[in-house]
Amino acid sequence: MLPLLRTVLAVAMVATTLPAAALSPPAPPLLGSSQVVVVTTAGWDATEGQLQAYERTGQGWQRHGSAFTVAVGRQGSAWGIGLVVTPPDGPQKQEGDGRSPAGVFAIGPAFGYAATAASALPYQPMQAGSYCMDVPDSPYYNRIVDAEVVGAEAVEGSTEPMRLDLHNKGDVRYRQGFVIEHNPAAVPGRGSCIFAHLWRTPGEPTAGCTAMPPAHMQALLGWLDPARNPRFVLMPRSEYQRLQAPLQLPVLAEAAP
């Protein structure tokens with residue numbers, strides 16, 4: 001059994017609704033982090049975005065690699081529960097809404113179909129009985145569990161088998177991925193099972209995750225290092241630009257004309 005969200009930072013800042021002026025957390029969410037994966041979208045209802053990785057150097061945040069297109073939720077994005085207090089304006093993430101959570105999040109373990117992965121992240125190979133529990137009243141809500149451990153009855157109702165290849169005609173989406181630690185306290189109904197994973201077809205929107213081509217996923221898994229406290233940021237570009245200074249996020253490159 002793998003707890004989906006187990007970072008020690010999870011207890012530090014559970015998001016609540018406050019005025020935008022009160023957004024600043026007790027400490028900047030990237031304090032102590034030297035790697036961040038940033039996804040920006042054109043707006044709350046956009047189903048694709050641009051991903052750019054950054055690493056902290058002596059000269060501040062510098063881009064790592066080139067930006068590339070990713071798919072996000074089929075209904076766009078909405079403020080989630082992560083490492084910052086989120087503004088009251090804009091949609092709020094709910095279970096089953098088809099939106100990717102926006103905010104700043106810790107990056108959890110990697111997972112996949114193979115027994116091992118070329119990544120410094122902790123890795124959990126998925127088994128035939130591995131499920132992520134998206135049932136809000138389940139005691140395992142927002143956790144990856146193995147039916148062989150918790151019992152078949154405990155995973156009833158889950159729509160998230162982690163071996164999609166076995167349950168959905170060879171589906172590749174969860175062949176490689178990593179956990180985005182949204183809703184760390186598992187607040188019922190606020191959204192669960194949020195990952196970065198492969199896309200099935202180019203640009204296909206997700207149920208709330210961030211999807212990308214295999215080559216880019218492999219590069220991210222090879223780069224991410226838990227010793228560097230990596231973070232994942234997803235926001236509409238206008239929100240990112242508004243919050244970049246108070247949250248001390250990397251400065252975005254100018255958008256292409």
# chains A, B, ... in the order shown; residues from 1 in each chain; ligands from 1
>>> residues_around(residues="stretch 222-231 of chain A", least_positions_apart="4", cutoff="8 Å", atoms="only C-alpha atoms", output="PyMOL selection string")
chain A and resi 30+32-37+104-107+118-121+218
>>> residues_around(residues="stretch 172-175 of chain A", least_positions_apart="4", cutoff="12 Å", atoms="only C-alpha atoms", output="PyMOL selection string")
chain A and resi 110-117+124-127+130-132+160-168+179+193-202+204-207+209-214+217-218
>>> write_last_selection(atoms="C-alpha atoms", output="compact mmCIF listing (two decimals), in the first residue's frame")
# COMPACT_ATOMS: atom_id res chain seq x y z
CA ALA A 110 6.99 8.06 -9.49
CA PHE A 111 4.96 5.07 -10.63
CA GLY A 112 4.54 2.88 -13.67
CA TYR A 113 4.03 -0.52 -15.19
CA ALA A 114 7.70 -1.55 -15.12
CA ALA A 115 9.45 -3.02 -12.09
CA THR A 116 11.94 -0.13 -11.96
CA ALA A 117 12.37 3.37 -13.36
CA GLN A 124 6.17 2.31 -6.96
CA PRO A 125 5.54 -0.37 -9.59
CA MET A 126 1.82 -0.77 -10.20
CA GLN A 127 0.26 -4.21 -9.86
CA SER A 130 -3.41 -1.33 -7.70
CA TYR A 131 -6.11 1.35 -7.52
CA CYS A 132 -6.20 5.02 -6.65
CA GLU A 160 -8.78 4.65 -11.20
CA PRO A 161 -7.13 1.26 -11.80
CA MET A 162 -3.42 1.99 -12.00
CA ARG A 163 -2.71 -0.77 -14.50
CA LEU A 164 -4.74 0.77 -17.28
CA ASP A 165 -3.04 -1.52 -19.76
CA LEU A 166 -4.73 -4.51 -18.09
CA HIS A 167 -8.09 -2.84 -17.51
CA ASN A 168 -8.47 -0.78 -20.68
CA VAL A 179 2.21 11.97 -8.19
CA CYS A 193 -5.59 10.97 -7.81
CA ILE A 194 -3.79 13.82 -9.56
CA PHE A 195 -0.77 12.76 -11.60
CA ALA A 196 1.57 13.74 -14.38
CA HIS A 197 1.37 10.86 -16.83
CA LEU A 198 1.65 9.93 -20.52
CA TRP A 199 -0.97 10.97 -22.99
CA ARG A 200 -2.84 8.29 -24.92
CA THR A 201 -3.06 10.37 -28.08
CA PRO A 202 -1.34 13.73 -28.64
CA GLU A 204 -5.98 14.42 -25.49
CA PRO A 205 -7.39 16.20 -22.40
CA THR A 206 -7.43 14.40 -19.07
CA ALA A 207 -9.79 13.91 -16.13
CA CYS A 209 -4.07 15.27 -14.56
CA THR A 210 -1.27 16.67 -16.76
CA ALA A 211 -0.36 14.48 -19.74
CA MET A 212 2.64 14.55 -22.06
CA PRO A 213 4.65 12.50 -24.61
CA PRO A 214 6.88 9.66 -23.36
CA MET A 217 8.17 12.26 -19.23
CA GLN A 218 11.38 10.23 -19.33
>>> select_by_dssp(residues="stretch 20-148 of chain A", states="strand (DSSP E or B)", output="ChimeraX atom specification")
/A:35-41,48-57,60-71,73,76-79,92,100-112,123-125,130-132,144-146
>>> atom_distance(atom1="atom CA of A:Ile180", atom2="atom CA of A:Gly151")
25.7 Å
>>> closest_residue(among="A:Gly191, A:Pro28, A:Ala186, A:Trp61", to="A:Pro139", atoms="only C-alpha atoms")
A:Ala186
>>> residues_around(residues="stretch 243-253 of chain A", least_positions_apart="3", cutoff="10 Å", atoms="only C-alpha atoms", output="number ranges by chain")
A: 20-21, 23-25, 27-31, 36, 38, 40, 52-56, 60-63, 67, 84, 104, 233, 235, 237-240, 256
>>> select_by_dssp(residues="stretch 4-203 of chain A", states="alpha helix (DSSP H)", output="ChimeraX atom specification")
/A:147-150,164-167
>>> write_last_selection(atoms="N, CA, C and O atoms", output="mmCIF file, in the first residue's frame")
data_model
loop_
_atom_site.group_PDB
_atom_site.id
_atom_site.type_symbol
_atom_site.label_atom_id
_atom_site.label_comp_id
_atom_site.auth_asym_id
_atom_site.auth_seq_id
_atom_site.Cartn_x
_atom_site.Cartn_y
_atom_site.Cartn_z
ATOM 1 N N ALA A 147 -5.407 -3.989 -3.929
ATOM 2 C CA ALA A 147 -6.529 -4.819 -3.501
ATOM 3 C C ALA A 147 -6.064 -6.106 -2.836
ATOM 4 O O ALA A 147 -6.768 -6.664 -1.993
ATOM 5 N N GLU A 148 -4.872 -6.571 -3.179
ATOM 6 C CA GLU A 148 -4.347 -7.774 -2.541
ATOM 7 C C GLU A 148 -4.040 -7.524 -1.069
ATOM 8 O O GLU A 148 -4.000 -8.458 -0.274
ATOM 9 N N VAL A 149 -3.851 -6.261 -0.692
ATOM 10 C CA VAL A 149 -3.528 -5.898 0.689
ATOM 11 C C VAL A 149 -4.776 -5.456 1.445
ATOM 12 O O VAL A 149 -5.039 -5.920 2.561
ATOM 13 N N VAL A 150 -5.560 -4.547 0.845
ATOM 14 C CA VAL A 150 -6.704 -3.979 1.560
ATOM 15 C C VAL A 150 -7.988 -4.753 1.337
ATOM 16 O O VAL A 150 -8.982 -4.523 2.035
ATOM 17 N N LEU A 164 -3.772 0.529 -16.216
ATOM 18 C CA LEU A 164 -4.737 0.771 -17.276
ATOM 19 C C LEU A 164 -4.521 -0.158 -18.459
ATOM 20 O O LEU A 164 -5.474 -0.462 -19.187
ATOM 21 N N ASP A 165 -3.290 -0.606 -18.650
ATOM 22 C CA ASP A 165 -3.042 -1.523 -19.757
ATOM 23 C C ASP A 165 -3.810 -2.827 -19.588
ATOM 24 O O ASP A 165 -4.242 -3.439 -20.572
ATOM 25 N N LEU A 166 -4.011 -3.263 -18.359
ATOM 26 C CA LEU A 166 -4.729 -4.507 -18.093
ATOM 27 C C LEU A 166 -6.240 -4.299 -18.037
ATOM 28 O O LEU A 166 -7.002 -5.229 -18.295
ATOM 29 N N HIS A 167 -6.669 -3.099 -17.690
ATOM 30 C CA HIS A 167 -8.090 -2.836 -17.509
ATOM 31 C C HIS A 167 -8.728 -2.115 -18.693
ATOM 32 O O HIS A 167 -9.956 -2.023 -18.755
#
>>> atom_distance(atom1="atom CA of A:Thr47", atom2="atom CA of A:Arg190")
19.8 Å
>>> closest_residue(among="A:Gln176, A:Ser100, A:Ser77, A:Ser192", to="A:Val135", atoms="only C-alpha atoms")
A:Ser192
